[in-house]
$ cat start.cif   # mmCIF, C-alpha atoms and all ligand atoms
data_data
loop_
_atom_site.label_atom_id
_atom_site.label_comp_id
_atom_site.auth_asym_id
_atom_site.auth_seq_id
_atom_site.Cartn_x
_atom_site.Cartn_y
_atom_site.Cartn_z
CA MET A 1 -29.78 99.57 -127.05
CA ASN A 2 -29.73 102.13 -124.28
CA VAL A 3 -29.51 105.87 -124.86
CA SER A 4 -28.90 108.55 -122.25
CA LYS A 5 -28.18 112.26 -122.54
CA GLU A 6 -26.07 114.38 -120.24
CA GLY A 7 -25.72 118.01 -121.23
CA ASP A 8 -24.20 118.08 -124.71
CA LYS A 9 -23.23 114.42 -124.54
CA VAL A 10 -25.19 111.44 -125.85
CA LEU A 11 -24.18 108.05 -124.50
CA ILE A 12 -25.31 105.06 -126.55
CA ARG A 13 -24.85 101.55 -125.22
CA LEU A 14 -25.02 99.34 -128.28
CA PRO A 15 -26.57 95.87 -128.17
CA LYS A 16 -24.97 92.46 -128.53
CA LEU A 17 -25.92 92.34 -132.19
CA PHE A 18 -25.33 95.75 -133.68
CA GLY A 19 -26.89 95.73 -137.11
CA PHE A 20 -29.84 96.35 -139.33
CA ALA A 21 -32.37 95.41 -136.64
CA VAL A 22 -31.50 98.45 -134.48
CA ARG A 23 -31.15 101.05 -137.22
CA SER A 24 -34.44 102.72 -136.37
CA GLU A 25 -33.42 103.19 -132.71
CA PHE A 26 -29.92 104.21 -133.72
CA LYS A 27 -31.22 106.82 -136.12
CA GLN A 28 -33.61 108.22 -133.51
CA ALA A 29 -30.79 108.54 -131.00
CA THR A 30 -28.36 110.18 -133.36
CA VAL A 31 -30.34 112.52 -135.61
CA GLY A 32 -31.70 115.92 -134.61
CA ASN A 33 -29.19 116.69 -131.88
CA PRO A 34 -27.85 120.25 -131.72
CA PRO A 35 -24.50 120.99 -133.41
CA GLY A 36 -21.58 120.25 -131.13
CA THR A 37 -23.20 117.21 -129.56
CA LYS A 38 -20.64 114.69 -128.37
CA PHE A 39 -21.35 111.00 -128.86
CA GLN A 40 -19.94 108.19 -126.82
CA LEU A 41 -20.65 104.78 -128.30
CA ASP A 42 -20.20 102.04 -125.76
CA PHE A 43 -19.39 98.75 -127.49
CA HIS A 44 -19.07 96.74 -124.29
CA GLU A 45 -21.99 94.46 -125.19
CA VAL A 46 -21.32 94.24 -128.91
CA GLU A 47 -20.31 90.76 -129.99
CA ARG A 48 -21.22 91.06 -133.62
CA MET A 49 -21.89 93.84 -136.04
CA ASP A 50 -22.78 93.85 -139.69
CA SER A 51 -21.86 96.12 -142.57
CA SER A 52 -25.03 98.17 -142.17
CA ALA A 53 -23.77 99.06 -138.68
CA LEU A 54 -20.50 100.26 -140.19
CA GLY A 55 -22.54 102.34 -142.64
CA MET A 56 -24.61 103.78 -139.78
CA LEU A 57 -21.45 104.84 -137.94
CA LEU A 58 -20.31 106.73 -141.04
CA LEU A 59 -23.71 108.39 -141.34
CA LEU A 60 -23.60 109.39 -137.69
CA ARG A 61 -20.25 111.03 -138.42
CA GLU A 62 -21.73 112.99 -141.34
CA THR A 63 -24.99 113.99 -139.63
CA SER A 64 -23.08 115.27 -136.62
CA GLY A 65 -20.65 117.57 -138.38
CA GLY A 66 -18.35 115.41 -140.52
CA VAL A 67 -14.73 116.25 -139.78
CA ALA A 68 -15.86 118.42 -136.84
CA SER A 69 -17.94 115.64 -135.29
CA ASP A 70 -17.04 114.36 -131.82
CA ILE A 71 -17.59 110.61 -131.64
CA VAL A 72 -15.75 108.26 -129.32
CA ILE A 73 -16.00 104.49 -129.52
CA VAL A 74 -15.21 102.83 -126.21
CA ASN A 75 -14.98 99.32 -124.75
CA SER A 76 -14.86 97.40 -128.02
CA ARG A 77 -13.66 93.84 -127.78
CA PRO A 78 -10.62 92.77 -129.83
CA GLU A 79 -12.46 91.18 -132.74
CA ILE A 80 -14.72 94.22 -133.11
CA ARG A 81 -11.73 96.56 -132.82
CA LYS A 82 -10.06 94.51 -135.53
CA LEU A 83 -13.10 94.90 -137.76
CA LEU A 84 -13.12 98.67 -137.21
CA GLN A 85 -9.44 98.77 -138.02
CA LEU A 86 -9.84 96.75 -141.23
CA ALA A 87 -12.57 99.14 -142.28
CA ASN A 88 -10.07 101.97 -141.66
CA PHE A 89 -12.40 103.50 -139.07
CA HIS A 90 -9.50 104.23 -136.73
CA ASN A 91 -8.72 107.10 -139.11
CA LEU A 92 -12.30 108.41 -139.00
CA PHE A 93 -13.29 107.91 -135.35
CA LYS A 94 -11.67 108.09 -131.96
CA ILE A 95 -11.42 104.51 -130.75
CA GLN A 96 -10.46 104.07 -127.10
CA MET B 1 0.82 84.91 -142.48
CA LEU B 2 -2.02 84.77 -144.96
CA TYR B 3 -5.54 84.19 -143.85
CA ASN B 4 -8.89 83.96 -145.54
CA SER B 5 -11.73 86.38 -144.93
CA LEU B 6 -13.62 84.08 -142.61
CA VAL B 7 -11.12 82.92 -140.08
CA GLY B 8 -7.57 83.96 -139.53
CA ARG B 9 -4.81 84.70 -137.12
CA VAL B 10 -4.16 88.36 -136.55
CA THR B 11 -1.83 90.21 -134.26
CA TYR B 12 -2.79 93.26 -132.22
CA ALA B 13 -0.63 96.04 -130.88
CA GLU B 14 -0.06 94.07 -127.71
CA GLU B 15 1.27 91.21 -129.87
CA GLN B 16 -1.30 88.70 -128.71
CA PRO B 17 -2.24 86.48 -131.66
CA VAL B 18 -5.94 85.63 -131.58
CA GLU B 19 -8.33 83.80 -133.83
CA TRP B 20 -10.37 86.30 -135.79
CA VAL B 21 -13.73 85.62 -137.36
CA ASN B 22 -15.15 88.40 -139.49
CA PRO B 23 -18.17 89.40 -137.37
CA ILE B 24 -19.98 90.57 -140.48
CA ARG B 25 -19.90 87.20 -142.17
CA THR B 26 -21.13 85.37 -139.09
CA MET B 27 -24.21 87.59 -139.09
CA ARG B 28 -25.19 86.87 -142.65
CA VAL B 29 -28.26 84.84 -141.77
CA THR B 30 -30.88 87.42 -140.89
CA MET B 31 -32.33 90.67 -142.16
CA ASP B 32 -28.83 92.06 -141.90
CA GLN B 33 -28.16 90.52 -145.24
CA LEU B 34 -30.42 93.13 -146.76
CA PHE B 35 -27.57 95.58 -146.53
CA GLY B 36 -24.95 92.96 -147.21
CA MET B 37 -22.60 92.27 -150.09
CA PRO B 38 -23.44 89.45 -152.48
CA ALA B 39 -21.23 86.42 -151.90
CA HIS B 40 -19.49 86.54 -155.27
CA PHE B 41 -17.91 89.89 -154.38
CA TYR B 42 -15.76 88.38 -151.62
CA LEU B 43 -12.16 88.23 -152.80
CA GLY B 44 -10.46 86.61 -149.83
CA HIS B 45 -8.49 89.64 -148.67
CA PRO B 46 -9.82 90.53 -145.19
CA THR B 47 -9.21 94.27 -145.29
CA ILE B 48 -10.45 94.84 -148.81
CA ASP B 49 -13.48 92.58 -148.30
CA VAL B 50 -14.54 94.53 -145.21
CA GLN B 51 -14.08 97.86 -146.99
CA HIS B 52 -16.08 96.65 -149.98
CA GLU B 53 -18.81 95.55 -147.54
CA VAL B 54 -18.99 99.12 -146.26
CA LEU B 55 -19.31 100.45 -149.82
CA PHE B 56 -22.18 98.05 -150.41
CA ALA B 57 -23.81 99.14 -147.15
CA LEU B 58 -23.64 102.74 -148.36
CA TYR B 59 -25.08 101.75 -151.72
CA HIS B 60 -28.02 100.23 -149.83
CA GLU B 61 -28.26 103.38 -147.71
CA VAL B 62 -28.70 105.47 -150.88
CA ARG B 63 -31.50 103.20 -152.03
CA HIS B 64 -33.07 103.16 -148.58
CA ALA B 65 -32.90 106.95 -148.40
CA LEU B 66 -34.79 107.14 -151.68
CA GLN B 67 -37.61 105.15 -150.13
CA GLU B 68 -37.90 107.75 -147.36
CA ALA B 69 -38.65 105.12 -144.73
CA ASP B 70 -38.82 106.14 -141.07
CA ASP B 71 -35.35 104.75 -140.52
CA SER B 72 -33.81 106.25 -143.65
CA PHE B 73 -31.10 108.84 -143.38
CA GLU B 74 -31.17 111.98 -145.53
CA VAL B 75 -29.88 111.36 -149.05
CA ALA B 76 -27.49 114.33 -148.74
CA ASP B 77 -25.92 112.84 -145.60
CA VAL B 78 -25.58 109.45 -147.24
CA PHE B 79 -23.70 111.09 -150.13
CA LEU B 80 -21.32 112.76 -147.71
CA GLY B 81 -20.65 109.38 -146.10
CA LEU B 82 -20.22 107.79 -149.52
CA ASN B 83 -17.78 110.48 -150.68
CA LEU B 84 -15.76 110.08 -147.51
CA TYR B 85 -15.60 106.32 -147.64
CA VAL B 86 -14.90 106.06 -151.36
CA ALA B 87 -11.89 108.33 -150.77
CA THR B 88 -10.78 106.31 -147.73
CA HIS B 89 -11.05 102.96 -149.48
CA LEU B 90 -9.43 103.98 -152.76
CA GLN B 91 -6.55 105.54 -150.87
CA PHE B 92 -6.07 102.29 -148.96
CA GLU B 93 -5.85 100.28 -152.18
CA GLU B 94 -3.55 102.80 -153.80
CA GLU B 95 -1.19 102.76 -150.83
CA ALA B 96 -1.26 98.95 -150.88
CA MET B 97 -0.33 98.94 -154.58
CA PHE B 98 2.48 101.40 -153.94
CA ALA B 99 3.80 99.47 -150.92
CA THR B 100 3.96 96.20 -152.83
CA GLY B 101 5.08 97.53 -156.22
CA TYR B 102 1.92 96.29 -157.94
CA PRO B 103 2.74 96.23 -161.67
CA ASP B 104 -0.73 97.22 -162.89
CA ALA B 105 -1.10 100.16 -160.50
CA LEU B 106 -1.49 102.85 -163.14
CA SER B 107 -4.49 101.37 -164.92
CA HIS B 108 -6.02 100.33 -161.60
CA ARG B 109 -5.76 103.91 -160.38
CA MET B 110 -7.45 105.09 -163.57
CA GLY B 111 -10.41 102.90 -162.66
CA HIS B 112 -10.50 104.54 -159.24
CA GLN B 113 -10.42 107.94 -160.88
CA ASP B 114 -13.53 107.04 -162.88
CA LEU B 115 -15.36 106.36 -159.61
CA ARG B 116 -14.11 109.54 -157.94
CA GLU B 117 -15.06 111.69 -160.92
CA GLY B 118 -18.37 109.92 -161.55
CA ILE B 119 -19.50 110.35 -157.96
CA HIS B 120 -18.25 113.94 -157.87
CA THR B 121 -20.10 114.89 -161.07
CA LEU B 122 -23.34 113.27 -159.97
CA TYR B 123 -23.06 114.81 -156.50
CA GLU B 124 -22.71 118.28 -158.10
CA GLU B 125 -25.82 117.53 -160.16
CA PHE B 126 -27.61 116.48 -156.98
CA LEU B 127 -26.69 119.72 -155.21
CA ASN B 128 -27.76 121.81 -158.20
CA ALA B 129 -31.06 120.01 -158.75
CA SER B 130 -33.89 122.50 -159.01
CA SER B 131 -36.64 120.25 -157.71
CA LEU B 132 -37.12 117.38 -155.31
CA GLU B 133 -38.05 115.17 -158.23
CA GLU B 134 -34.82 116.01 -160.02
CA SER B 135 -32.68 115.40 -156.95
CA ARG B 136 -34.33 112.02 -156.46
CA THR B 137 -33.62 111.12 -160.07
CA VAL B 138 -29.96 112.04 -159.67
CA ALA B 139 -29.75 110.08 -156.41
CA ALA B 140 -31.14 107.02 -158.17
CA ARG B 141 -28.54 107.46 -160.93
CA ILE B 142 -25.80 107.59 -158.30
CA ALA B 143 -27.01 104.27 -156.87
CA VAL B 144 -26.97 102.65 -160.32
CA PHE B 145 -23.57 104.14 -161.17
CA LEU B 146 -22.09 102.93 -157.89
CA TYR B 147 -23.46 99.41 -158.24
CA GLU B 148 -22.25 99.07 -161.82
CA TRP B 149 -18.81 100.35 -160.88
CA LEU B 150 -18.58 97.99 -157.91
CA GLU B 151 -19.73 95.06 -160.01
CA ASN B 152 -17.20 95.71 -162.72
CA HIS B 153 -14.28 96.87 -160.62
CA ILE B 154 -14.46 94.45 -157.69
CA ALA B 155 -15.25 91.36 -159.66
CA LYS B 156 -12.51 91.92 -162.24
CA VAL B 157 -9.86 94.49 -161.39
CA ASP B 158 -9.77 94.14 -157.59
CA ARG B 159 -9.78 90.36 -157.86
CA VAL B 160 -6.40 90.47 -159.58
CA LEU B 161 -5.08 93.02 -157.08
CA CYS B 162 -6.22 90.95 -154.09
CA ARG B 163 -4.51 87.85 -155.40
CA TYR B 164 -1.30 89.88 -155.75
CA LEU B 165 -1.61 91.40 -152.26
CA LEU B 166 -2.22 87.97 -150.72
CA ASP B 167 0.78 86.57 -152.59
CA HIS B 168 2.85 89.41 -151.19
CA ALA B 169 1.43 88.92 -147.67
CA PHE B 170 0.08 92.46 -147.61
CA GLU B 171 -2.71 92.69 -145.04
CA GLY B 172 -2.88 96.45 -144.55
FE FE C 1 -9.73 98.92 -156.63
#

$ encode --input "start.cif" --output "structure tokens"
Amino acid sequence: MNVSKEGDKVLIRLPKLFGFAVRSEFKQATVGNPPGTKFQLDFHEVERMDSSALGMLLLLRETSGGVASDIVIVNSRPEIRKLLQLANFHNLFKIQ
Amino acid sequence: MLYNSLVGRVTYAEEQPVEWVNPIRTMRVTMDQLFGMPAHFYLGHPTIDVQHEVLFALYHEVRHALQEADDSFEVADVFLGLNLYVATHLQFEEEAMFATGYPDALSHRMGHQDLREGIHTLYEEFLNASSLEESRTVAARIAVFLYEWLENHIAKVDRVLCRYLLDHAFEG
């Protein structure tokens, strides 16, 4: 997982396996940012994700302002996009 | 076309049918299972199975938050996520019942209302707790309440609904 910050934007490149094993890194990258921080989650590498990853995405949404949060999911491959859609995440996140 | 929760044919906006393998289930061999859903909760409906998996993940997040590990999220944030997702999931099922004319919709919705009200009441108690100890006790009760509701509702009530939705080719 690779994290970079640019102004009020945090860019997170998620790993091939996005799941429980990276929760510590994910939490570090996402918690404690000032209000109004924008998150871009790059799913380019992600081949598989587990349900704990889906839970972490929801918690990122809540820790970064809930309905006012600014989280964009980009570059997800079709099977991952399908998973996000089944989980109804297209109504909770911007998926590009 | 019907498909099971492991492998299926799905169609995207661009109308390209592709084989779909639930990425969650292919990862169920490592530590990731710690936050997973026990096998007997899978009902064979891809959308509902995935959404139930998320509810289980949030149940595990509540428990993990109570352990205050380095990688735990704050209990209060987990509850916000849980509230949000419970609402999202129950709405999905209720719209599915409405869309397909599910005959047992009324009593099914009453079961959903028990979850909404139970979580709401416990969350109020959590917010009004006067000590850390008390808020932890309420959080633990929420975890137990959620698990018991999931166990009862998914295994019995949702199983019947999923069979009906599959019979009516409702994928969501
Ligand atoms: Fe249900």

$ residues_near_ligand --input "start.cif" --ligand "ligand FE 1 (chain C)" --cutoff "8 Å" --atoms "all atoms listed in the file" --output "PDB file with C-alpha atoms, in the frame of the given file"
ATOM      1  CA  LEU B  90      -9.430 103.980-152.760  1.00  0.00           C
ATOM      2  CA  GLU B  93      -5.850 100.280-152.180  1.00  0.00           C
ATOM      3  CA  GLU B  94      -3.550 102.800-153.800  1.00  0.00           C
ATOM      4  CA  HIS B 108      -6.020 100.330-161.600  1.00  0.00           C
ATOM      5  CA  ARG B 109      -5.760 103.910-160.380  1.00  0.00           C
ATOM      6  CA  GLY B 111     -10.410 102.900-162.660  1.00  0.00           C
ATOM      7  CA  HIS B 112     -10.500 104.540-159.240  1.00  0.00           C
ATOM      8  CA  HIS B 153     -14.280  96.870-160.620  1.00  0.00           C
ATOM      9  CA  ILE B 154     -14.460  94.450-157.690  1.00  0.00           C
ATOM     10  CA  VAL B 157      -9.860  94.490-161.390  1.00  0.00           C
ATOM     11  CA  ASP B 158      -9.770  94.140-157.590  1.00  0.00           C
ATOM     12  CA  LEU B 161      -5.080  93.020-157.080  1.00  0.00           C
TER      13      LEU B 161
END

$ closest_residue --input "start.cif" --among "A:Leu58, A:Ile95, A:Val67, A:Val74" --to "chain B" --atoms "only C-alpha atoms"
A:Leu58

$ residues_near_point --input "start.cif" --point "(-9.5, 106.4, -151.1)" --cutoff "12 Å" --atoms "all atoms listed in the file" --output "list in words"
Ala87 and Asn88 of chain A; Ile48, Gln51, His52, Leu55, Leu82, Asn83, Leu84, Tyr85, Val86, Ala87, Thr88, His89, Leu90, Gln91, Phe92, Glu93, Glu94, Glu95, Ala96, Arg109, His112, Gln113, Leu115 and Arg116 of chain B

$ write_last_selection --input "start.cif" --atoms "C-alpha atoms" --output "short mmCIF file (atom, residue, chain, number, x, y, z; two decimals), in the coordinates of the input"
data_model
loop_
_atom_site.label_atom_id
_atom_site.label_comp_id
_atom_site.auth_asym_id
_atom_site.auth_seq_id
_atom_site.Cartn_x
_atom_site.Cartn_y
_atom_site.Cartn_z
CA ALA A 87 -12.57 99.14 -142.28
CA ASN A 88 -10.07 101.97 -141.66
CA ILE B 48 -10.45 94.84 -148.81
CA GLN B 51 -14.08 97.86 -146.99
CA HIS B 52 -16.08 96.65 -149.98
CA LEU B 55 -19.31 100.45 -149.82
CA LEU B 82 -20.22 107.79 -149.52
CA ASN B 83 -17.78 110.48 -150.68
CA LEU B 84 -15.76 110.08 -147.51
CA TYR B 85 -15.60 106.32 -147.64
CA VAL B 86 -14.90 106.06 -151.36
CA ALA B 87 -11.89 108.33 -150.77
CA THR B 88 -10.78 106.31 -147.73
CA HIS B 89 -11.05 102.96 -149.48
CA LEU B 90 -9.43 103.98 -152.76
CA GLN B 91 -6.55 105.54 -150.87
CA PHE B 92 -6.07 102.29 -148.96
CA GLU B 93 -5.85 100.28 -152.18
CA GLU B 94 -3.55 102.80 -153.80
CA GLU B 95 -1.19 102.76 -150.83
CA ALA B 96 -1.26 98.95 -150.88
CA ARG B 109 -5.76 103.91 -160.38
CA HIS B 112 -10.50 104.54 -159.24
CA GLN B 113 -10.42 107.94 -160.88
CA LEU B 115 -15.36 106.36 -159.61
CA ARG B 116 -14.11 109.54 -157.94
#

$ closest_residue --input "start.cif" --among "B:Tyr42, B:Asn152, B:Asp114, B:Ser135" --to "Ala76 of chain B" --atoms "only C-alpha atoms"
B:Ser135

$ closest_residue --input "start.cif" --among "A:Val31, A:Thr37, A:Ala68, A:Glu45" --to "chain B" --atoms "all atoms listed in the file"
A:Val31

$ closest_residue --input "start.cif" --among "B:Arg163, B:Gly172, B:Arg136, B:Thr121" --to "chain A" --atoms "all atoms listed in the file"
B:Gly172

$ atom_distance --input "start.cif" --atom1 "atom CA of Lys94 of chain A" --atom2 "atom CA of Gln40 of chain A"
9.7 Å
